[in-house]
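Notes for the one structure printed next.
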2 protein chains.
Amino acid sequence: MTAAKKKERNRQRLVDATLQALAQYGYADASISKIIEIADLSRGMVHLHFENKNALLAAAAKQASEEYYAGFEDWLKDTPADPQARLDAIVDYDLSPNVLNEKNICTWYELRGAARTSPTIGQFTGTRDAQLENIYAEIFGVMTADPDLIQDAVYGTISLSEGIWIDFMLNPSDFDHAAAKRVIFKFLCGLFPKLQG
Amino acid sequence: MTAAKKKERNRQRLVDATLQALAQYGYADASISKIIEIADLSRGMVHLHFENKNALLAAAAKQASEEYYAGFEDWLKDTPADPQARLDAIVDYDLSPNVLNEKNICTWYELRGAARTSPTIGQFTGTRDAQLENIYAEIFGVMTADPDLIQDAVYGTISLSEGIWIDFMLNPSDFDHAAAKRVIFKFLCGLFPKLQG
DNA sequence: GTCAAATATGGACAATTGTCCATATTGGAG
DNA sequence: CTCCAATATGGACAATTGTCCATATTTGAC
């Protein structure tokens with residue numbers, strides 16, 4: 001393996017270890033000591049690859065955000081263009097183990113909390129949120145010309161998903177996939193009676 | 001002022017300062033140094049009133065939880081018993097500045113994150129959640145006999161409120177009260193067509 | 001094989017953390 | 001007023017934090 005590849009691999013290990021530490025210990029206790037222990041690398045590596053700890057956290061936030069969309073596009077690539085099918089697929093994706101697993105959800109919760117005091121991290125949590133809004137807005141735009149309805153649908157669907165993720169985080173073992181999907185579609189059907197629930 | 005009263009007042013200042021520090025700096029940076037600076041008390045006071053820092057955080061979580069319900073009962077005390085009026089009042093309460101203000105929402109977010117690794121804190125965030133479920137379940141129980149519908153309504157309403165609170169936290173200046181209330185009632189009307197909304 | 005550059009190691013460092021305690025101040029019963 | 005217990009102060013303490021650097025190892029061009 002070339003030197004550049006080895007270096008890149010270690011950088012990646014640091015980012016992955018950071019995400020795991022966030023999920024496992026929370027933002028407050030995701031220290032560099034814990035991160036390098038998970039990554040099985042030495043202390044100096046953080047400084048070699050990143051300006052400081054906050055830059056490492058930002059890189060982790062960036063990756064978490066990008067992973068969501070990479071999986072998203074892959075999940076939807078064979079989905080028909082009609083709104084019903086696409087909504088169904090998106091909701092399934094958001095409730096699939098790709099997205100809805102303890103590590104992902106907890107990490108995201110911690111990063112969002114950190115975003116409040118760290119603009120560098122907020123940049124990445126914010127863009128993920130904005131992208132998701134656009135995706136929903138596009139689909140709902142096919143179903144209605146009423147901009148207020150589109151806005152309500154986007155806002156409601158995202159908020160509802162957000163709340164469901166938090167419920168999952170607080171009580172992963174009790175989580176009821178079917179109920180979650182059913183509730184989201186009950187909301188959507190209330191707004192768009194044409195949809196099948 | 002008696003000695004006991006002065007002591008109790010200082011204990012209260014510690015708890016209040018803790019909640020403020022959580023909102024202002026986040027759980028990770030809400031150190032004892034910051035807390036006593038906000039409370040304008042000396043370092044040893046934490047140990048006099050609480051076994052350790054975690055007990056102080058737990059007391060803060062307890063108070064935050066209880067304040068929610070104290071305000072809740074006060075807000076609803078003159079509300080008619082019919083479901084429509086009560087739901088309207090509850091949603092208004094959850095969107096009122098009593099509940100939906102930056103300090104409250106940020107504090108709650110931080111405490112919930114901390115609850116994940118601290119059972120002592122989780123105890124209080126958990127009971128608040130459970131109480132809220134009961135309140136909603138009781139109201140929906142008046143509107144339908146279908147237990148599945150009740151469960152979906154409770155789950156959806158709480159998740160949606162939760163998501164809306166997070167949206168507020170992430171973007172308090174852009175928050176649209178009217179839209180939030182409208183979306184919640186669109187959800188409820190989808191489930192219970194009899195509702196006006 | 002040689003050697004300079006790139007990469008990695010792990011300890012040093014000041015700053016800050018939560019805990020604890022010796023001391024000072026205050027309150028109120030006698 | 002006296003004096004002891006209750007309350008409050010602020011510094012000491014080891015542990016841990018994030019940062020930085022001297023040293024070691026590895027890489028790959030020559």
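Numbering starts fresh at 1 for the residues of each chain in the structure tokens, the chains themselves are lettered A, B, ... in the order given, and ligands are numbered from 1 as they appear.
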Practice task
Do me a favour and pick out the residues of chain A within 9 Å of chain B, using only C-alpha atoms, as number ranges by chain.
Solution key: A: 24-29, 106, 109-110, 112-117, 126, 151-153, 155-167, 169-170, 179-180, 182-184, 186-191
Those residues you just picked out, can you put them in a file as a short mmCIF file (atom, residue, chain, number, x, y, z; two decimals), in the first residue's frame with N, CA and C atoms?
data_model
loop_
_atom_site.label_atom_id
_atom_site.label_comp_id
_atom_site.auth_asym_id
_atom_site.auth_seq_id
_atom_site.Cartn_x
_atom_site.Cartn_y
_atom_site.Cartn_z
N GLN A 24 -21.10 6.42 21.43
CA GLN A 24 -20.87 5.59 22.61
C GLN A 24 -20.79 6.40 23.90
N TYR A 25 -20.09 7.55 23.84
CA TYR A 25 -19.85 8.31 25.07
C TYR A 25 -20.57 9.65 25.10
N GLY A 26 -21.10 10.10 23.97
CA GLY A 26 -21.69 11.44 23.91
C GLY A 26 -20.63 12.49 23.63
N TYR A 27 -21.06 13.62 23.12
CA TYR A 27 -20.16 14.71 22.75
C TYR A 27 -19.26 15.11 23.92
N ALA A 28 -19.83 15.19 25.10
CA ALA A 28 -19.08 15.68 26.27
C ALA A 28 -17.89 14.78 26.59
N ASP A 29 -18.03 13.49 26.39
CA ASP A 29 -16.99 12.56 26.79
C ASP A 29 -16.27 11.91 25.61
N CYS A 106 -27.77 8.44 17.48
CA CYS A 106 -27.13 9.06 18.63
C CYS A 106 -26.05 10.04 18.17
N TYR A 109 -27.68 13.14 16.95
CA TYR A 109 -28.20 13.94 18.07
C TYR A 109 -27.07 14.74 18.72
N GLU A 110 -25.96 14.10 18.95
CA GLU A 110 -24.83 14.78 19.59
C GLU A 110 -24.28 15.89 18.70
N ARG A 112 -25.82 17.58 16.39
CA ARG A 112 -26.76 18.69 16.34
C ARG A 112 -26.69 19.55 17.58
N GLY A 113 -26.52 18.91 18.72
CA GLY A 113 -26.35 19.67 19.95
C GLY A 113 -25.08 20.50 19.89
N ALA A 114 -24.02 19.89 19.37
CA ALA A 114 -22.75 20.60 19.26
C ALA A 114 -22.83 21.75 18.26
N ALA A 115 -23.67 21.57 17.25
CA ALA A 115 -23.80 22.58 16.20
C ALA A 115 -24.25 23.92 16.77
N ARG A 116 -24.96 23.84 17.88
CA ARG A 116 -25.49 25.03 18.50
C ARG A 116 -24.37 25.98 18.95
N THR A 117 -23.26 25.42 19.39
CA THR A 117 -22.16 26.27 19.86
C THR A 117 -20.96 26.26 18.91
N GLY A 126 -26.53 21.63 9.15
CA GLY A 126 -27.46 22.52 8.47
C GLY A 126 -27.69 22.16 7.02
N GLN A 151 -45.20 23.76 1.78
CA GLN A 151 -44.40 24.14 2.95
C GLN A 151 -44.83 23.39 4.20
N ASP A 152 -46.13 23.32 4.41
CA ASP A 152 -46.64 22.58 5.58
C ASP A 152 -46.25 21.11 5.51
N ALA A 153 -46.35 20.54 4.32
CA ALA A 153 -46.04 19.12 4.16
C ALA A 153 -44.56 18.86 4.44
N TYR A 155 -42.46 20.78 6.19
CA TYR A 155 -42.20 21.06 7.59
C TYR A 155 -42.70 19.94 8.49
N GLY A 156 -43.91 19.51 8.25
CA GLY A 156 -44.51 18.47 9.07
C GLY A 156 -43.81 17.13 8.92
N THR A 157 -43.50 16.75 7.71
CA THR A 157 -42.88 15.45 7.49
C THR A 157 -41.50 15.38 8.13
N ILE A 158 -40.74 16.44 7.94
CA ILE A 158 -39.40 16.46 8.53
C ILE A 158 -39.47 16.49 10.05
N SER A 159 -40.34 17.31 10.60
CA SER A 159 -40.46 17.39 12.06
C SER A 159 -40.90 16.05 12.63
N LEU A 160 -41.85 15.44 11.96
CA LEU A 160 -42.35 14.15 12.43
C LEU A 160 -41.24 13.09 12.40
N SER A 161 -40.50 13.05 11.31
CA SER A 161 -39.38 12.10 11.22
C SER A 161 -38.37 12.35 12.33
N GLU A 162 -38.06 13.62 12.51
CA GLU A 162 -37.14 14.03 13.57
C GLU A 162 -37.59 13.51 14.93
N GLY A 163 -38.86 13.73 15.24
CA GLY A 163 -39.40 13.28 16.52
C GLY A 163 -39.37 11.77 16.65
N ILE A 164 -39.60 11.10 15.55
CA ILE A 164 -39.58 9.63 15.57
C ILE A 164 -38.16 9.13 15.82
N TRP A 165 -37.19 9.80 15.21
CA TRP A 165 -35.80 9.42 15.45
C TRP A 165 -35.44 9.57 16.92
N ILE A 166 -35.93 10.64 17.52
CA ILE A 166 -35.63 10.86 18.94
C ILE A 166 -36.29 9.79 19.80
N ASP A 167 -37.52 9.45 19.44
CA ASP A 167 -38.19 8.37 20.18
C ASP A 167 -37.38 7.09 20.08
N MET A 169 -34.17 6.87 19.62
CA MET A 169 -32.96 7.04 20.41
C MET A 169 -33.23 6.78 21.89
N LEU A 170 -34.37 7.30 22.37
CA LEU A 170 -34.66 7.19 23.79
C LEU A 170 -35.06 5.78 24.19
N ALA A 179 -45.60 1.05 13.21
CA ALA A 179 -46.34 2.19 13.74
C ALA A 179 -45.76 3.50 13.22
N ALA A 180 -44.44 3.56 13.18
CA ALA A 180 -43.79 4.79 12.71
C ALA A 180 -44.19 5.10 11.27
N ARG A 182 -46.76 3.95 9.61
CA ARG A 182 -48.20 4.19 9.54
C ARG A 182 -48.53 5.65 9.93
N VAL A 183 -47.89 6.11 11.00
CA VAL A 183 -48.18 7.47 11.48
C VAL A 183 -47.74 8.52 10.46
N ILE A 184 -46.57 8.32 9.89
CA ILE A 184 -46.11 9.29 8.89
C ILE A 184 -47.09 9.34 7.71
N LYS A 186 -50.23 8.51 7.77
CA LYS A 186 -51.50 9.11 8.19
C LYS A 186 -51.41 10.64 8.08
N PHE A 187 -50.26 11.16 8.47
CA PHE A 187 -50.05 12.60 8.33
C PHE A 187 -50.13 13.02 6.87
N LEU A 188 -49.39 12.31 6.03
CA LEU A 188 -49.33 12.67 4.61
C LEU A 188 -50.71 12.54 3.94
N CYS A 189 -51.43 11.49 4.29
CA CYS A 189 -52.76 11.29 3.69
C CYS A 189 -53.73 12.38 4.12
N GLY A 190 -53.55 12.91 5.33
CA GLY A 190 -54.38 14.02 5.76
C GLY A 190 -54.17 15.24 4.87
N LEU A 191 -52.92 15.43 4.45
CA LEU A 191 -52.62 16.58 3.60
C LEU A 191 -52.94 16.31 2.14
#
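Near C:DA8, within 10 Å and counting only C-alpha atoms (C1' of nucleotides), sit Lys7, Leu41, Ser42, Arg43, Gly44, Met45 and Leu48 of chain A; DA24, DT25 and DT26 of chain D, not including residues fewer than 3 positions from it in the same chain.
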Can those selected residues be exported to a file as a JSON list (two decimals), in the first residue's frame so that it contains N, CA and C atoms (P, O5', C5', C4', C3', O3' and C1' of nucleotides)?
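Listed below is the output, result-v3.json:
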[["chain", "number", "residue", "atom", "x", "y", "z"],
["A", 7, "LYS", "N", -1.91, 6.92, 4.73],
["A", 7, "LYS", "CA", -2.26, 8.14, 5.45],
["A", 7, "LYS", "C", -3.77, 8.37, 5.41],
["A", 41, "LEU", "N", -4.73, 4.37, 17.24],
["A", 41, "LEU", "CA", -3.66, 5.20, 16.66],
["A", 41, "LEU", "C", -3.06, 6.05, 17.78],
["A", 42, "SER", "N", -1.98, 6.70, 17.46],
["A", 42, "SER", "CA", -1.30, 7.48, 18.49],
["A", 42, "SER", "C", -1.84, 8.90, 18.56],
["A", 43, "ARG", "N", -1.50, 9.51, 19.68],
["A", 43, "ARG", "CA", -2.04, 10.82, 20.00],
["A", 43, "ARG", "C", -1.77, 11.89, 18.92],
["A", 44, "GLY", "N", -0.58, 11.84, 18.36],
["A", 44, "GLY", "CA", -0.18, 12.89, 17.42],
["A", 44, "GLY", "C", -0.93, 12.88, 16.10],
["A", 45, "MET", "N", -1.59, 11.79, 15.81],
["A", 45, "MET", "CA", -2.26, 11.65, 14.51],
["A", 45, "MET", "C", -3.36, 12.69, 14.29],
["A", 48, "LEU", "N", -1.76, 15.67, 12.96],
["A", 48, "LEU", "CA", -1.23, 15.50, 11.60],
["A", 48, "LEU", "C", -2.34, 15.66, 10.55],
["D", 24, "DA", "P", 15.11, 8.49, 18.91],
["D", 24, "DA", "O5'", 13.99, 7.68, 18.13],
["D", 24, "DA", "C5'", 12.92, 7.09, 18.85],
["D", 24, "DA", "C4'", 11.95, 6.44, 17.88],
["D", 24, "DA", "C3'", 12.58, 5.46, 16.89],
["D", 24, "DA", "O3'", 11.80, 4.28, 16.90],
["D", 24, "DA", "C1'", 11.30, 7.09, 15.73],
["D", 25, "DT", "P", 12.37, 2.99, 16.13],
["D", 25, "DT", "O5'", 11.46, 2.93, 14.83],
["D", 25, "DT", "C5'", 10.04, 2.96, 14.97],
["D", 25, "DT", "C4'", 9.42, 3.30, 13.64],
["D", 25, "DT", "C3'", 9.80, 2.36, 12.49],
["D", 25, "DT", "O3'", 8.64, 1.66, 12.11],
["D", 25, "DT", "C1'", 9.79, 4.64, 11.82],
["D", 26, "DT", "P", 8.76, 0.48, 11.02],
["D", 26, "DT", "O5'", 8.34, 1.24, 9.70],
["D", 26, "DT", "C5'", 7.09, 1.94, 9.66],
["D", 26, "DT", "C4'", 7.02, 2.77, 8.40],
["D", 26, "DT", "C3'", 7.29, 2.00, 7.10],
["D", 26, "DT", "O3'", 6.15, 2.14, 6.28],
["D", 26, "DT", "C1'", 8.49, 4.04, 7.14]]
Exercise for the section: Mind the document's chain letters and residue numbers, and return as a ChimeraX atom specification the residues of chain A that DSSP labels helix (DSSP H, G or I). Expected result: /A:3-25,27-29,32-39,45-49,53-76,83-95,102-115,119-143,147-170,172-174,177-191
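Distance annotation: of B:Ala89, B:Ala60, B:Ile139, B:Leu100, the residue with the minimal separation from B:Phe124 is B:Ala60; atom set is only C-alpha atoms.
Residue nearest B:Trp108, chosen from B:Ala17, B:Ala178, B:Ile121, B:Asn52 and counting only C-alpha atoms: B:Ile121.
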Go through chain C residue by residue and, counting only C-alpha atoms (C1' of nucleotides), keep those with an atom at most 12 Å from chain A; for each kept residue give the shortest atom pair and its distance in Å to one decimal, ordered by chain and increasing number, as JSON lines.
{"residue": "C:DA5", "atom": "C1'", "partner": "A:Ala3", "partner_atom": "CA", "distance": 11.6}
{"residue": "C:DA6", "atom": "C1'", "partner": "A:Ala3", "partner_atom": "CA", "distance": 8.0}
{"residue": "C:DT7", "atom": "C1'", "partner": "A:Lys7", "partner_atom": "CA", "distance": 7.3}
{"residue": "C:DA8", "atom": "C1'", "partner": "A:Met45", "partner_atom": "CA", "distance": 7.1}
{"residue": "C:DT9", "atom": "C1'", "partner": "A:Ser42", "partner_atom": "CA", "distance": 6.0}
{"residue": "C:DG10", "atom": "C1'", "partner": "A:Ser42", "partner_atom": "CA", "distance": 7.0}
{"residue": "C:DG11", "atom": "C1'", "partner": "A:Arg43", "partner_atom": "CA", "distance": 9.7}
{"residue": "C:DT17", "atom": "C1'", "partner": "A:Asp29", "partner_atom": "CA", "distance": 11.9}
With N, CA and C atoms (P, O5', C5', C4', C3', O3' and C1' of nucleotides) retained, export the selected residues as a PDB file, in the first residue's frame.
ATOM      1  P    DA C   5      14.602  16.867   2.331  1.00  0.00           P
ATOM      2  O5'  DA C   5      13.123  16.303   2.205  1.00  0.00           O
ATOM      3  C5'  DA C   5      12.744  15.600   1.018  1.00  0.00           C
ATOM      4  C4'  DA C   5      11.472  14.830   1.285  1.00  0.00           C
ATOM      5  C3'  DA C   5      10.445  15.582   2.130  1.00  0.00           C
ATOM      6  O3'  DA C   5       9.173  15.450   1.520  1.00  0.00           O
ATOM      7  C1'  DA C   5      10.928  13.481   3.116  1.00  0.00           C
ATOM      8  P    DA C   6       7.834  16.055   2.178  1.00  0.00           P
ATOM      9  O5'  DA C   6       7.111  14.741   2.732  1.00  0.00           O
ATOM     10  C5'  DA C   6       6.986  13.623   1.871  1.00  0.00           C
ATOM     11  C4'  DA C   6       6.330  12.474   2.617  1.00  0.00           C
ATOM     12  C3'  DA C   6       5.089  12.855   3.424  1.00  0.00           C
ATOM     13  O3'  DA C   6       4.137  11.808   3.267  1.00  0.00           O
ATOM     14  C1'  DA C   6       6.683  11.881   4.859  1.00  0.00           C
ATOM     15  P    DT C   7       2.655  11.970   3.792  1.00  0.00           P
ATOM     16  O5'  DT C   7       2.716  11.097   5.122  1.00  0.00           O
ATOM     17  C5'  DT C   7       3.006   9.704   5.020  1.00  0.00           C
ATOM     18  C4'  DT C   7       3.278   9.138   6.379  1.00  0.00           C
ATOM     19  C3'  DT C   7       2.162   9.313   7.407  1.00  0.00           C
ATOM     20  O3'  DT C   7       1.661   8.029   7.710  1.00  0.00           O
ATOM     21  C1'  DT C   7       4.301   9.686   8.353  1.00  0.00           C
ATOM     22  P    DA C   8       0.488   7.868   8.781  1.00  0.00           P
ATOM     23  O5'  DA C   8       1.280   7.589  10.124  1.00  0.00           O
ATOM     24  C5'  DA C   8       2.117   6.453  10.209  1.00  0.00           C
ATOM     25  C4'  DA C   8       2.760   6.400  11.581  1.00  0.00           C
ATOM     26  C3'  DA C   8       1.794   6.513  12.756  1.00  0.00           C
ATOM     27  O3'  DA C   8       1.947   5.355  13.554  1.00  0.00           O
ATOM     28  C1'  DA C   8       3.644   7.973  13.037  1.00  0.00           C
ATOM     29  P    DT C   9       1.041   5.175  14.860  1.00  0.00           P
ATOM     30  O5'  DT C   9       2.058   5.581  16.013  1.00  0.00           O
ATOM     31  C5'  DT C   9       3.301   4.902  16.119  1.00  0.00           C
ATOM     32  C4'  DT C   9       4.147   5.539  17.208  1.00  0.00           C
ATOM     33  C3'  DT C   9       3.461   5.662  18.548  1.00  0.00           C
ATOM     34  O3'  DT C   9       4.083   4.793  19.466  1.00  0.00           O
ATOM     35  C1'  DT C   9       4.676   7.637  17.981  1.00  0.00           C
ATOM     36  P    DG C  10       3.214   4.221  20.714  1.00  0.00           P
ATOM     37  O5'  DG C  10       3.623   5.260  21.852  1.00  0.00           O
ATOM     38  C5'  DG C  10       5.000   5.498  22.079  1.00  0.00           C
ATOM     39  C4'  DG C  10       5.182   6.782  22.866  1.00  0.00           C
ATOM     40  C3'  DG C  10       4.224   6.950  24.062  1.00  0.00           C
ATOM     41  O3'  DG C  10       4.940   7.592  25.097  1.00  0.00           O
ATOM     42  C1'  DG C  10       4.075   8.807  22.700  1.00  0.00           C
ATOM     43  P    DG C  11       4.712   7.189  26.598  1.00  0.00           P
ATOM     44  O5'  DG C  11       5.533   8.332  27.387  1.00  0.00           O
ATOM     45  C5'  DG C  11       6.793   8.746  26.882  1.00  0.00           C
ATOM     46  C4'  DG C  11       6.869  10.267  26.844  1.00  0.00           C
ATOM     47  C3'  DG C  11       6.372  10.960  28.120  1.00  0.00           C
ATOM     48  O3'  DG C  11       7.298  11.961  28.480  1.00  0.00           O
ATOM     49  C1'  DG C  11       5.311  11.888  26.231  1.00  0.00           C
ATOM     50  P    DT C  17     -13.452  24.025  33.290  1.00  0.00           P
ATOM     51  O5'  DT C  17     -13.683  22.566  33.865  1.00  0.00           O
ATOM     52  C5'  DT C  17     -13.721  21.440  32.969  1.00  0.00           C
ATOM     53  C4'  DT C  17     -13.529  20.169  33.749  1.00  0.00           C
ATOM     54  C3'  DT C  17     -14.309  20.100  35.047  1.00  0.00           C
ATOM     55  O3'  DT C  17     -15.599  19.599  34.789  1.00  0.00           O
ATOM     56  C1'  DT C  17     -12.071  19.277  35.322  1.00  0.00           C
TER      57       DT C  17
END
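The spacing separating atom CA of A:Ala58 from atom CA of A:Ala21 amounts to 14.0 Å.
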Practice task
Can you check which residues of chain D have any atom within 9 Å of chain A? Use only C-alpha atoms (C1' of nucleotides) and format it as a list in words.
Solution key: DT17, DG18, DT19, DC20, DT26, DT27 and DG28 of chain D
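Note that the spacing between atom CA of B:Thr18 and atom CA of B:Pro172 amounts to 21.8 Å.
Here atom CA of B:Glu67 is placed at a distance of 10.1 Å from atom CA of B:Asn104.
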Practice task
With a distance cut-off of 12 Å and only C-alpha atoms (C1' of nucleotides), select the neighbouring residues of D:DA12, excluding the residue or stretch itself and same-chain residues fewer than 5 positions from it, and output the selection as a list in words.
Solution key: DT19, DC20, DC21 and DA22 of chain C
Go ahead and save the picked residues with C-alpha atoms (C1' of nucleotides), as an mmCIF file, in the first residue's frame.
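What landed in selection26.cif:
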data_model
loop_
_atom_site.group_PDB
_atom_site.id
_atom_site.type_symbol
_atom_site.label_atom_id
_atom_site.label_comp_id
_atom_site.auth_asym_id
_atom_site.auth_seq_id
_atom_site.Cartn_x
_atom_site.Cartn_y
_atom_site.Cartn_z
ATOM 1 C "C1'" DT C 19 -13.856 16.379 44.378
ATOM 2 C "C1'" DC C 20 -12.568 17.368 48.889
ATOM 3 C "C1'" DC C 21 -11.154 19.935 52.975
ATOM 4 C "C1'" DA C 22 -9.213 23.388 56.232
#
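Considering the residues B:Lys77, B:Ser118, B:Lys34, B:Met1 and counting only C-alpha atoms (C1' of nucleotides), C:DT16 has its shortest atom-to-atom contact with B:Lys34.
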Handout entry: Nearby residues (only C-alpha atoms (C1' of nucleotides)) at most 9 Å from A:Phe185, same-chain spacing under 5 positions excluded, as a PyMOL selection string
Key = chain A and resi 88+91+180+190+195-197
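Every protein, DNA or RNA residue with an atom at most 7 Å from B:Ala137, where only C-alpha atoms (C1' of nucleotides) count and chain neighbours fewer than 4 positions away do not, is listed here: Glu133, Gly141, Ile150 and Val154 of chain B.
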